[in-house]
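Quick notes on the structure that follows.
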Amino acid sequence: MSFFNELKRRNVFRVGAAYAVASWVVLQLFDVVGEILELPLWGGKLILVVIIVGFFLALILAWAFELTPQGIKRESEVDRSQSITATTGRKLDRFIIVVLAVAVTYLLIDKLYLQGLVQQAQEKPMVTSVPAVTDQNPSVAVLPFVNMSGDQENEYFSDGLTETLLHMLSQLPGLHVAARTSAFAFKGKNADIGEIASALGVAHVLEGSVQKANDRVRVTAQLIRANDGFHVWSQNYTRPLEDIFAIQDEIATDVADALGSSLLGGTKPDLHGVHTANLTAYESYLKGLEQQALFSYGSLDAAENHFKQALARDPEFTDARLSLIRNYLLKFTTGLTRQEDIRELVEPLIASVLERNPDEPLARAFELMLDMMMFDPSQNAEEIRAQLNELQDILAKLPTETFIRMTVAQTLNGYFQDRERAVEVLQAGLLADPLEPELNRTLGQVYMAEDRLDEARAALERSLELAPGNPNGYSTLARLEKSADNLPASMDWMRQAIQVDPQDHELAAQLARDFYNLRLPEVGDYWLARVQALAPGSGIARSLEVERSRAREETELAIELAVAAIEDQIEDRQSAFGSVVFNYADLMLEQGRAREAYEQLVSVRPGIVEYGQIPQELQGFIMQWASIVLMSGFESFENRKNAWLEFTAKLDEMGFPWRKDPADSNHTWHALMTGDLEAAIEHYLEYELNEPLAQNLNRHRKRVQAIYAPVYEDPRVAAKLIEDAERYAAVRNEVRAMLQQPEWSEL
């Protein structure tokens, strides 16, 4: 008998066929069950390997063994006349026919019915057919997709997919999409869909999961109607990783279809995600977004590196370029990037974006924000108002851009002192993004400026609750406690801020300054050393060195250090330059060396004596003001008064709000400079002596005697300053006691 006929007789071919058909059914079953149970992608590969190995084993066993009425025996032990291979073969034939019938039936249903509901699976993979759901105000929240990869380092990928989908859906006209920060507030929380929808003010919730393994990715997504929990649409996408961009497009389009065609005005949406097709660049970009969202000293540096890597892979990647611009601006606001460097870093990037797309609103917004951050004292208020109005117009197009909204609100609050409008801008943002911590924090700052401390505390505590890892929440609460005249509580909040972000030298600087003002230089030195270690030679560090010398009553050293800092024109971060200049002016007035100090300032910036012209740089503006103060030590009253009137007339002409706030100490300055002693005393009594002592620990020391001496001589003022000195001593003892607590003594 030939070998081929022997294979047939032993049913090797039938076993192979039956095995192949059964294996196909097993693979189809795993595909269905694997999607439902979200089994790992490598599971299918493992089963396929086992099936292939098993196939050859089955053929070998079919050749070597035979099924007999007495059980399985080796083929060589079976009498050919007693063999039942023919019967076994017929049973195998029936098994194959039944399994093939099941397979053919499944294929017909899949091809003719299931896929008839949609387009080809790879082009349009919607498998759940439900009536389209619409509502009068279509709205959706995109919750953070769950990372199912079993690797925490892949968290950036699932978060990035969520952000891209959110961005794409927000392009749909008429669809309200909950802002990113508010949606991400529910990350990792087992909250009810109805609760989430209610908090975010949406009718639908899109949620899902992402599983990334090697070169494959599986994304599951489902759209849920919030009022009844009905699954409007759901789908699984299993593709090569390089297809992630197509998956994003499909999910966004499918969600739009599920929400209803009426939403789109009867036209198909033209949605776009990120502007790259380079997977490596995209992953670097997502890692940058993850780090940028942390908003700490270390994370902003890491984010910068990731965005640069993305641009190195794809120089045309606009989203990465815009994110890098944002990162530089954020670093500038935190003091990581110096004022003299920021334009050089940012302006070429903005120009390159606008060159490619002159209508890119975010690039134009960043351009305006850069100008507003780089404060120019000589700029007319109307010019700043025009910039602010344009920025608000852009904000109407990008309502969830928190950074833009904060800049608008802070300019209204700080420069124009229009706090009512600042509150309106922030509250409008909280309607769109109710769980955004930075909006709550900025709202707290505006309430503080209005002395609405209870409302400020509520907003700041809400901010801290939403973002316990953001040091800004702690440091702003520290400012609030100073407004409430509770210095120990303020310092303790600052300590907690430093624990959250130990690399931020500006937080340590705040504590150092407070300790020096309390004449506790040995403790201040501890925090100054930290500032010098983290930011050696910075303007803040040099400003603190002057204050350290004053706290130690090392007057000549303080003057020496101040002169060097003025000559070097240090940056005015945290009012560092202003502190140095006015400490210098005060010390030189005390020493009777006012003319020498005046000439020193003029030698550095000769133009400051042109009092009808305001310098463009903030440093020049500060020195110009201080030079008039120094004139009180050697010039006649009339000459000093004329210089002051010329200077302030120019400020008024420019619309500079130098004394718009009734409580501003500039009212006292103006009265003294113009000879209205009674008005100066009344304002000092009504406002400045009623400010919290924690905000002005040096008040009882009677600074700038050459100008303020007549005010200090008033009996009412003198009595109050004695009370201040007593209160100061009590606060100093309270802080000393605080330092004995474990959380302080263990630092």
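Here, A, B, ... name the chains of the structure tokens in the order displayed, residue numbers run from 1 inside each chain, and ligands are numbered from 1 in the same displayed order.
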
Return as a CSV table (one decimal) with C-alpha atoms, in the first residue's frame the full set of residues in region 125-264 of chain A whose backbone-based DSSP assignment is alpha helix (DSSP H).
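Saved to out17.csv:
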chain,number,residue,atom,x,y,z
A,155,GLU,CA,-0.8,56.1,31.1
A,156,TYR,CA,0.3,59.0,28.8
A,157,PHE,CA,-1.1,57.1,25.8
A,158,SER,CA,-4.6,56.5,27.1
A,159,ASP,CA,-4.8,60.1,28.4
A,160,GLY,CA,-3.5,61.4,25.1
A,161,LEU,CA,-6.1,59.5,23.2
A,162,THR,CA,-8.8,61.0,25.4
A,163,GLU,CA,-7.4,64.6,24.9
A,164,THR,CA,-7.4,64.1,21.1
A,165,LEU,CA,-10.9,62.8,21.0
A,166,LEU,CA,-12.0,65.7,23.2
A,167,HIS,CA,-10.3,68.2,20.9
A,168,MET,CA,-11.9,66.6,17.8
A,169,LEU,CA,-15.4,66.5,19.2
A,180,ARG,CA,-10.5,68.5,29.7
A,181,THR,CA,-9.6,69.4,33.3
A,182,SER,CA,-13.2,68.8,34.6
A,183,ALA,CA,-13.5,65.5,32.8
A,184,PHE,CA,-10.1,64.4,34.1
A,193,ILE,CA,-22.4,58.2,35.1
A,194,GLY,CA,-25.4,60.3,36.2
A,195,GLU,CA,-23.4,61.9,38.9
A,196,ILE,CA,-20.6,62.7,36.4
A,197,ALA,CA,-23.0,64.1,33.9
A,198,SER,CA,-24.7,66.3,36.5
A,199,ALA,CA,-21.4,67.7,37.7
A,200,LEU,CA,-20.2,68.5,34.2
A,244,ILE,CA,-4.1,55.0,16.1
A,245,PHE,CA,-4.8,58.2,14.0
A,246,ALA,CA,-7.4,56.4,11.9
A,247,ILE,CA,-9.0,55.0,15.1
A,248,GLN,CA,-9.3,58.5,16.6
A,249,ASP,CA,-11.0,59.8,13.4
A,250,GLU,CA,-13.4,56.8,13.4
A,251,ILE,CA,-14.4,57.2,17.0
A,252,ALA,CA,-15.0,60.9,16.7
A,253,THR,CA,-17.1,60.4,13.6
A,254,ASP,CA,-19.0,57.5,15.0
A,255,VAL,CA,-19.8,59.4,18.1
A,256,ALA,CA,-21.0,62.4,16.0
A,257,ASP,CA,-23.2,60.0,14.0
A,258,ALA,CA,-24.6,58.4,17.1
A,259,LEU,CA,-25.5,61.8,18.6

With a distance cut-off of 12 Å and only C-alpha atoms, select the neighbouring residues of Glu360 (chain A), excluding the residue or stretch itself and same-chain residues fewer than 2 positions from it, and output the selection as a PyMOL selection string.
chain A and resi 318-319+322+350-358+362-367+394+397-398

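When CA of Glu347 (chain A) is paired with CA of Met369 (chain A), their separation reads 11.5 Å.
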
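Closest approach to Glu682 (chain A) among A:Ala694, A:Ala663, A:Leu395, A:Ala178: A:Ala663, based on only C-alpha atoms.
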
Please identify all polymer residues within 10 Å of region 574-583 of chain A, counting only C-alpha atoms, omitting same-chain residues fewer than 2 positions from it, and present them as JSON, numbers by chain.
{"A": [335, 506, 509, 510, 538, 539, 540, 541, 542, 543, 544, 545, 546, 547, 550, 558, 559, 561, 562, 563, 564, 565, 566, 569, 570, 571, 572, 585, 586, 587, 588, 589, 597, 601, 618, 619, 621, 622, 623, 625, 626, 627, 629, 630, 703, 704]}

Expected file: the selected residues, N, CA and C atoms, as a tab-separated table (two decimals), in the first residue's frame:
chain	number	residue	atom	x	y	z
A	335	GLY	N	9.00	81.28	37.01
A	335	GLY	CA	10.36	81.73	37.28
A	335	GLY	C	11.44	80.81	36.75
A	506	GLU	N	11.34	79.87	44.51
A	506	GLU	CA	10.56	81.05	44.86
A	506	GLU	C	9.71	80.82	46.10
A	509	ALA	N	11.96	81.29	48.95
A	509	ALA	CA	12.27	82.72	49.08
A	509	ALA	C	11.22	83.45	49.90
A	510	GLN	N	9.97	83.07	49.74
A	510	GLN	CA	8.91	83.72	50.51
A	510	GLN	C	9.12	83.50	52.00
A	538	SER	N	20.34	84.25	41.09
A	538	SER	CA	19.07	84.77	40.61
A	538	SER	C	18.75	86.11	41.27
A	539	GLY	N	17.87	86.88	40.63
A	539	GLY	CA	17.47	88.16	41.19
A	539	GLY	C	16.86	88.00	42.57
A	540	ILE	N	16.07	86.97	42.76
A	540	ILE	CA	15.43	86.73	44.06
A	540	ILE	C	16.48	86.45	45.12
A	541	ALA	N	17.46	85.62	44.79
A	541	ALA	CA	18.51	85.29	45.76
A	541	ALA	C	19.29	86.56	46.15
A	542	ARG	N	19.59	87.40	45.19
A	542	ARG	CA	20.36	88.61	45.48
A	542	ARG	C	19.53	89.62	46.28
A	543	SER	N	18.26	89.69	46.00
A	543	SER	CA	17.37	90.56	46.78
A	543	SER	C	17.33	90.10	48.24
A	544	LEU	N	17.27	88.78	48.45
A	544	LEU	CA	17.24	88.25	49.81
A	544	LEU	C	18.56	88.51	50.54
A	545	GLU	N	19.66	88.53	49.82
A	545	GLU	CA	20.95	88.81	50.46
A	545	GLU	C	20.96	90.23	51.04
A	546	VAL	N	20.31	91.17	50.35
A	546	VAL	CA	20.20	92.53	50.88
A	546	VAL	C	19.34	92.52	52.14
A	547	GLU	N	18.23	91.81	52.11
A	547	GLU	CA	17.34	91.75	53.27
A	547	GLU	C	18.01	91.03	54.44
A	550	ARG	N	20.20	93.54	56.14
A	550	ARG	CA	19.42	94.49	56.94
A	550	ARG	C	18.95	93.82	58.24
A	558	ALA	N	24.72	95.68	53.19
A	558	ALA	CA	23.43	95.76	52.49
A	558	ALA	C	23.50	96.77	51.35
A	559	ILE	N	24.14	97.93	51.60
A	559	ILE	CA	24.27	98.97	50.57
A	559	ILE	C	25.13	98.46	49.41
A	561	LEU	N	25.68	95.34	48.48
A	561	LEU	CA	24.96	94.32	47.72
A	561	LEU	C	23.87	94.95	46.85
A	562	ALA	N	23.20	95.97	47.38
A	562	ALA	CA	22.13	96.63	46.63
A	562	ALA	C	22.70	97.34	45.40
A	563	VAL	N	23.81	98.03	45.57
A	563	VAL	CA	24.42	98.74	44.44
A	563	VAL	C	24.78	97.75	43.33
A	564	ALA	N	25.37	96.63	43.70
A	564	ALA	CA	25.76	95.62	42.70
A	564	ALA	C	24.53	95.08	41.97
A	565	ALA	N	23.44	94.83	42.71
A	565	ALA	CA	22.22	94.30	42.09
A	565	ALA	C	21.60	95.33	41.15
A	566	ILE	N	21.64	96.59	41.54
A	566	ILE	CA	21.09	97.66	40.69
A	566	ILE	C	21.91	97.80	39.42
A	569	GLN	N	21.07	95.21	37.10
A	569	GLN	CA	19.67	95.25	36.66
A	569	GLN	C	19.00	93.87	36.79
A	570	ILE	N	19.01	93.34	37.99
A	570	ILE	CA	18.45	92.01	38.22
A	570	ILE	C	16.96	92.00	37.85
A	571	GLU	N	16.46	90.80	37.59
A	571	GLU	CA	15.05	90.64	37.22
A	571	GLU	C	14.15	90.98	38.40
A	572	ASP	N	12.94	91.44	38.09
A	572	ASP	CA	12.01	91.85	39.15
A	572	ASP	C	11.03	90.74	39.53
A	585	ALA	N	17.33	102.95	48.77
A	585	ALA	CA	16.92	104.35	48.98
A	585	ALA	C	16.70	104.62	50.46
A	586	ASP	N	16.04	103.70	51.15
A	586	ASP	CA	15.76	103.89	52.57
A	586	ASP	C	17.05	103.95	53.39
A	587	LEU	N	17.97	103.02	53.12
A	587	LEU	CA	19.24	102.99	53.85
A	587	LEU	C	20.06	104.26	53.59
A	588	MET	N	20.10	104.70	52.35
A	588	MET	CA	20.90	105.88	52.03
A	588	MET	C	20.27	107.16	52.60
A	589	LEU	N	18.95	107.21	52.67
A	589	LEU	CA	18.30	108.35	53.34
A	589	LEU	C	18.64	108.35	54.83
A	597	ALA	N	23.19	108.37	46.48
A	597	ALA	CA	22.33	107.30	45.97
A	597	ALA	C	21.65	107.74	44.67
A	601	LEU	N	21.94	105.95	40.91
A	601	LEU	CA	20.84	105.50	40.04
A	601	LEU	C	20.95	106.14	38.67
A	618	LEU	N	10.70	97.84	33.20
A	618	LEU	CA	10.18	97.96	34.56
A	618	LEU	C	11.27	98.46	35.51
A	619	GLN	N	12.51	97.99	35.30
A	619	GLN	CA	13.60	98.43	36.18
A	619	GLN	C	13.80	99.95	36.11
A	621	PHE	N	11.54	102.18	35.31
A	621	PHE	CA	10.37	102.81	35.94
A	621	PHE	C	10.53	102.85	37.46
A	622	ILE	N	10.99	101.73	38.04
A	622	ILE	CA	11.19	101.66	39.50
A	622	ILE	C	12.27	102.65	39.94
A	623	MET	N	13.37	102.72	39.18
A	623	MET	CA	14.46	103.63	39.54
A	623	MET	C	14.03	105.09	39.40
A	625	TRP	N	11.02	106.32	39.93
A	625	TRP	CA	10.20	106.60	41.12
A	625	TRP	C	11.12	106.81	42.34
A	626	ALA	N	12.10	105.88	42.50
A	626	ALA	CA	12.99	105.95	43.66
A	626	ALA	C	13.86	107.20	43.63
A	627	SER	N	14.21	107.65	42.44
A	627	SER	CA	15.06	108.85	42.36
A	627	SER	C	14.33	110.07	42.92
A	629	VAL	N	12.05	109.92	45.25
A	629	VAL	CA	12.06	109.71	46.71
A	629	VAL	C	13.38	110.20	47.29
A	630	LEU	N	14.50	109.88	46.62
A	630	LEU	CA	15.81	110.28	47.12
A	630	LEU	C	16.00	111.80	47.09
A	703	ARG	N	9.79	103.42	58.13
A	703	ARG	CA	10.68	103.54	56.97
A	703	ARG	C	10.48	104.89	56.26
A	704	VAL	N	11.46	105.26	55.44
A	704	VAL	CA	11.48	106.48	54.62
A	704	VAL	C	11.14	107.71	55.47

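Minimum atom-to-atom distances from A:Pro615, A:Gly620, A:Gln600, A:Asp676 to Lys641 (chain A) were compared using only C-alpha atoms, and the lowest value belongs to A:Asp676.
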
Distance query region 278-287 of chain A at most 8 Å, only C-alpha atoms, self and fewer than 5 positions along chain excluded, as a list in words
Tyr156, Phe157, Asp159, Gly160, Glu242, Ala303, His306, Phe307, Gln309, Ala310, Leu311, Ala312, Arg313, Asp314 and Ala320 of chain A

Residues of region 479-518 of chain A within 8 Å of region 728-732 of chain A: nearest atom pair and distance (Å, one decimal) for each, counting only C-alpha atoms, sorted by chain and number, as a Markdown table?
| residue | atom | partner | partner_atom | distance |
| --- | --- | --- | --- | --- |
| A:Leu487 | CA | A:Val731 | CA | 7.4 |
| A:Pro488 | CA | A:Val731 | CA | 7.9 |
| A:Leu518 | CA | A:Arg732 | CA | 6.1 |

Write a file of the selected residues as a tab-separated table (two decimals), in the first residue's frame, keeping N, CA and C atoms.
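The file below, again-v5.tsv, is the result:
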chain	number	residue	atom	x	y	z
A	487	LEU	N	0.00	85.16	60.36
A	487	LEU	CA	1.30	84.86	59.77
A	487	LEU	C	1.75	83.41	60.00
A	488	PRO	N	1.62	82.83	61.21
A	488	PRO	CA	2.04	81.43	61.36
A	488	PRO	C	1.32	80.49	60.41
A	518	LEU	N	11.04	89.21	60.31
A	518	LEU	CA	10.79	88.95	61.74
A	518	LEU	C	12.07	89.06	62.56

Determine, counting only C-alpha atoms, which protein, DNA and RNA residues have an atom within 12 Å of an atom of Asp661 (chain A); residues of the same chain fewer than 3 positions away are not included. Present the result as number ranges by chain.
A: 413-419, 449-450, 657-658, 664-667, 687

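Shortest separation to Glu420 (chain A) among A:Leu685, A:Leu672, A:Val446, A:Leu345 occurs at residue A:Val446, atoms counted being only C-alpha atoms.
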
Leaving out Phe403 (chain A) and any residue of its chain fewer than 3 positions from it, which residues lie within 12 Å of it when counting only C-alpha atoms, given as a ChimeraX atom specification?
/A:293,295,323,326-327,329-330,333,362,365-366,369-370,391,395,398-400,406-410,426,429,436-439,442

Given the selection you just returned, output its residues as a file containing N, CA and C atoms, formatted as a PDB file, in the first residue's frame.
ATOM      1  N   ALA A 293       0.811  68.902  32.357  1.00  0.00           N
ATOM      2  CA  ALA A 293      -0.377  68.968  33.200  1.00  0.00           C
ATOM      3  C   ALA A 293      -0.025  68.952  34.686  1.00  0.00           C
ATOM      4  N   PHE A 295       2.478  70.601  36.057  1.00  0.00           N
ATOM      5  CA  PHE A 295       2.759  72.022  36.323  1.00  0.00           C
ATOM      6  C   PHE A 295       3.648  72.221  37.551  1.00  0.00           C
ATOM      7  N   SER A 323       2.357  73.595  21.963  1.00  0.00           N
ATOM      8  CA  SER A 323       2.518  73.129  23.343  1.00  0.00           C
ATOM      9  C   SER A 323       3.868  73.544  23.911  1.00  0.00           C
ATOM     10  N   ARG A 326       3.467  77.155  24.912  1.00  0.00           N
ATOM     11  CA  ARG A 326       2.750  77.210  26.185  1.00  0.00           C
ATOM     12  C   ARG A 326       3.686  76.849  27.338  1.00  0.00           C
ATOM     13  N   ASN A 327       4.534  75.858  27.114  1.00  0.00           N
ATOM     14  CA  ASN A 327       5.433  75.402  28.165  1.00  0.00           C
ATOM     15  C   ASN A 327       6.425  76.496  28.558  1.00  0.00           C
ATOM     16  N   LEU A 329       5.938  79.719  28.280  1.00  0.00           N
ATOM     17  CA  LEU A 329       5.188  80.755  29.001  1.00  0.00           C
ATOM     18  C   LEU A 329       4.888  80.313  30.427  1.00  0.00           C
ATOM     19  N   LEU A 330       4.559  79.044  30.602  1.00  0.00           N
ATOM     20  CA  LEU A 330       4.327  78.531  31.953  1.00  0.00           C
ATOM     21  C   LEU A 330       5.616  78.583  32.775  1.00  0.00           C
ATOM     22  N   THR A 333       6.099  82.081  33.971  1.00  0.00           N
ATOM     23  CA  THR A 333       5.231  82.450  35.096  1.00  0.00           C
ATOM     24  C   THR A 333       5.723  81.846  36.406  1.00  0.00           C
ATOM     25  N   LEU A 362      -4.661  80.214  18.631  1.00  0.00           N
ATOM     26  CA  LEU A 362      -3.872  79.972  19.838  1.00  0.00           C
ATOM     27  C   LEU A 362      -2.502  80.635  19.734  1.00  0.00           C
ATOM     28  N   ALA A 365      -3.001  84.238  20.367  1.00  0.00           N
ATOM     29  CA  ALA A 365      -3.242  84.444  21.802  1.00  0.00           C
ATOM     30  C   ALA A 365      -1.930  84.427  22.573  1.00  0.00           C
ATOM     31  N   PHE A 366      -1.052  83.487  22.253  1.00  0.00           N
ATOM     32  CA  PHE A 366       0.235  83.417  22.937  1.00  0.00           C
ATOM     33  C   PHE A 366       1.074  84.663  22.650  1.00  0.00           C
ATOM     34  N   MET A 369      -0.344  87.332  24.864  1.00  0.00           N
ATOM     35  CA  MET A 369      -0.025  87.050  26.263  1.00  0.00           C
ATOM     36  C   MET A 369       1.430  87.376  26.575  1.00  0.00           C
ATOM     37  N   LEU A 370       2.320  87.093  25.624  1.00  0.00           N
ATOM     38  CA  LEU A 370       3.736  87.403  25.833  1.00  0.00           C
ATOM     39  C   LEU A 370       3.921  88.903  26.044  1.00  0.00           C
ATOM     40  N   LEU A 391      -7.730  89.451  23.019  1.00  0.00           N
ATOM     41  CA  LEU A 391      -7.554  88.181  23.716  1.00  0.00           C
ATOM     42  C   LEU A 391      -8.907  87.611  24.155  1.00  0.00           C
ATOM     43  N   LEU A 395     -10.700  84.129  23.190  1.00  0.00           N
ATOM     44  CA  LEU A 395     -11.222  83.267  24.251  1.00  0.00           C
ATOM     45  C   LEU A 395     -12.633  82.780  23.928  1.00  0.00           C
ATOM     46  N   LEU A 398     -12.052  79.809  21.965  1.00  0.00           N
ATOM     47  CA  LEU A 398     -11.357  78.747  22.707  1.00  0.00           C
ATOM     48  C   LEU A 398     -11.762  78.840  24.175  1.00  0.00           C
ATOM     49  N   PRO A 399     -13.032  78.564  24.480  1.00  0.00           N
ATOM     50  CA  PRO A 399     -13.548  78.852  25.833  1.00  0.00           C
ATOM     51  C   PRO A 399     -12.925  78.030  26.949  1.00  0.00           C
ATOM     52  N   THR A 400     -12.305  76.902  26.617  1.00  0.00           N
ATOM     53  CA  THR A 400     -11.723  76.070  27.675  1.00  0.00           C
ATOM     54  C   THR A 400     -10.211  76.267  27.808  1.00  0.00           C
ATOM     55  N   MET A 406      -7.045  82.950  32.443  1.00  0.00           N
ATOM     56  CA  MET A 406      -6.363  83.451  33.637  1.00  0.00           C
ATOM     57  C   MET A 406      -5.614  84.749  33.333  1.00  0.00           C
ATOM     58  N   THR A 407      -4.984  84.825  32.156  1.00  0.00           N
ATOM     59  CA  THR A 407      -4.259  86.037  31.788  1.00  0.00           C
ATOM     60  C   THR A 407      -5.213  87.222  31.669  1.00  0.00           C
ATOM     61  N   VAL A 408      -6.372  86.982  31.044  1.00  0.00           N
ATOM     62  CA  VAL A 408      -7.376  88.047  30.917  1.00  0.00           C
ATOM     63  C   VAL A 408      -7.826  88.507  32.298  1.00  0.00           C
ATOM     64  N   ALA A 409      -8.179  87.545  33.163  1.00  0.00           N
ATOM     65  CA  ALA A 409      -8.683  87.884  34.499  1.00  0.00           C
ATOM     66  C   ALA A 409      -7.621  88.591  35.333  1.00  0.00           C
ATOM     67  N   GLN A 410      -6.379  88.117  35.262  1.00  0.00           N
ATOM     68  CA  GLN A 410      -5.317  88.729  36.063  1.00  0.00           C
ATOM     69  C   GLN A 410      -4.994  90.139  35.588  1.00  0.00           C
ATOM     70  N   LEU A 426     -13.900  84.753  35.018  1.00  0.00           N
ATOM     71  CA  LEU A 426     -13.573  83.482  35.669  1.00  0.00           C
ATOM     72  C   LEU A 426     -14.811  82.622  35.877  1.00  0.00           C
ATOM     73  N   GLY A 429     -15.746  80.937  32.783  1.00  0.00           N
ATOM     74  CA  GLY A 429     -14.886  79.776  32.562  1.00  0.00           C
ATOM     75  C   GLY A 429     -15.307  78.578  33.392  1.00  0.00           C
ATOM     76  N   GLU A 436     -12.003  72.992  37.133  1.00  0.00           N
ATOM     77  CA  GLU A 436     -10.658  73.491  36.810  1.00  0.00           C
ATOM     78  C   GLU A 436     -10.060  74.158  38.045  1.00  0.00           C
ATOM     79  N   PRO A 437      -8.994  73.591  38.630  1.00  0.00           N
ATOM     80  CA  PRO A 437      -8.443  74.155  39.874  1.00  0.00           C
ATOM     81  C   PRO A 437      -7.835  75.536  39.710  1.00  0.00           C
ATOM     82  N   GLU A 438      -7.175  75.809  38.572  1.00  0.00           N
ATOM     83  CA  GLU A 438      -6.517  77.100  38.404  1.00  0.00           C
ATOM     84  C   GLU A 438      -7.517  78.244  38.268  1.00  0.00           C
ATOM     85  N   LEU A 439      -8.678  77.974  37.679  1.00  0.00           N
ATOM     86  CA  LEU A 439      -9.711  79.005  37.614  1.00  0.00           C
ATOM     87  C   LEU A 439     -10.232  79.314  39.015  1.00  0.00           C
ATOM     88  N   THR A 442      -7.483  81.370  40.774  1.00  0.00           N
ATOM     89  CA  THR A 442      -7.439  82.765  40.329  1.00  0.00           C
ATOM     90  C   THR A 442      -8.648  83.537  40.846  1.00  0.00           C
TER      91      THR A 442
END

Using only C-alpha atoms, which of the listed residues (A:Arg699, A:Gly201, A:Ala497, A:Met738) sits closest to Glu726 (chain A)?
A:Arg699

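When only C-alpha atoms are used to measure the gap to Gln496 (chain A), the shortest distance among A:Thr476, A:Ser483, A:Ser603, A:Ser23 belongs to A:Thr476.
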